[in-house]
Amino acid sequence: MSKEERERLQAKEQQKNPVGTLNSALSRAITGSPDGGCLVNIISIIIIIVVALLIRACSN
């Protein structure tokens, strides 16, 4: 499957399921998989920070 076809299918799926973008960002944040989108990278960083703050708050 070509990269263009994969991106087209992902865009189509995201239109059907807007929460898919968050799930994709979360999975990329956990696995460390890079993506071309700047927004996904920013969301990944925010998710990592929130998880770190939750762990820190729960450990006290």
# chains A, B, ... in the order shown; residues from 1 in each chain; ligands from 1
call {"tool": "residues_around", "arguments": {"residues": "Ile47 (chain A)", "least_positions_apart": "4", "cutoff": "10 Å", "atoms": "only C-alpha atoms", "output": "MDAnalysis selection string"}}
result
chainID A and resid 22 25:26 29:30 41:43 51:53
call {"tool": "closest_residue", "arguments": {"among": "A:Met1, A:Leu54, A:Leu9, A:Val40", "to": "Ser27 (chain A)", "atoms": "only C-alpha atoms"}}
result
A:Val40
call {"tool": "closest_residue", "arguments": {"among": "A:Ile45, A:Val50, A:Gln15, A:Arg56", "to": "Arg28 (chain A)", "atoms": "only C-alpha atoms"}}
result
A:Ile45
call {"tool": "closest_residue", "arguments": {"among": "A:Cys58, A:Cys38, A:Ser44, A:Ser24", "to": "Gln10 (chain A)", "atoms": "only C-alpha atoms"}}
result
A:Ser24
call {"tool": "atom_distance", "arguments": {"atom1": "CA of Ser2 (chain A)", "atom2": "CA of Gln14 (chain A)"}}
result
18.4 Å
call {"tool": "select_by_dssp", "arguments": {"residues": "chain A", "states": "helix (DSSP H, G or I)", "output": "PyMOL selection string"}}
result
chain A and resi 3-16+19-31+38-59
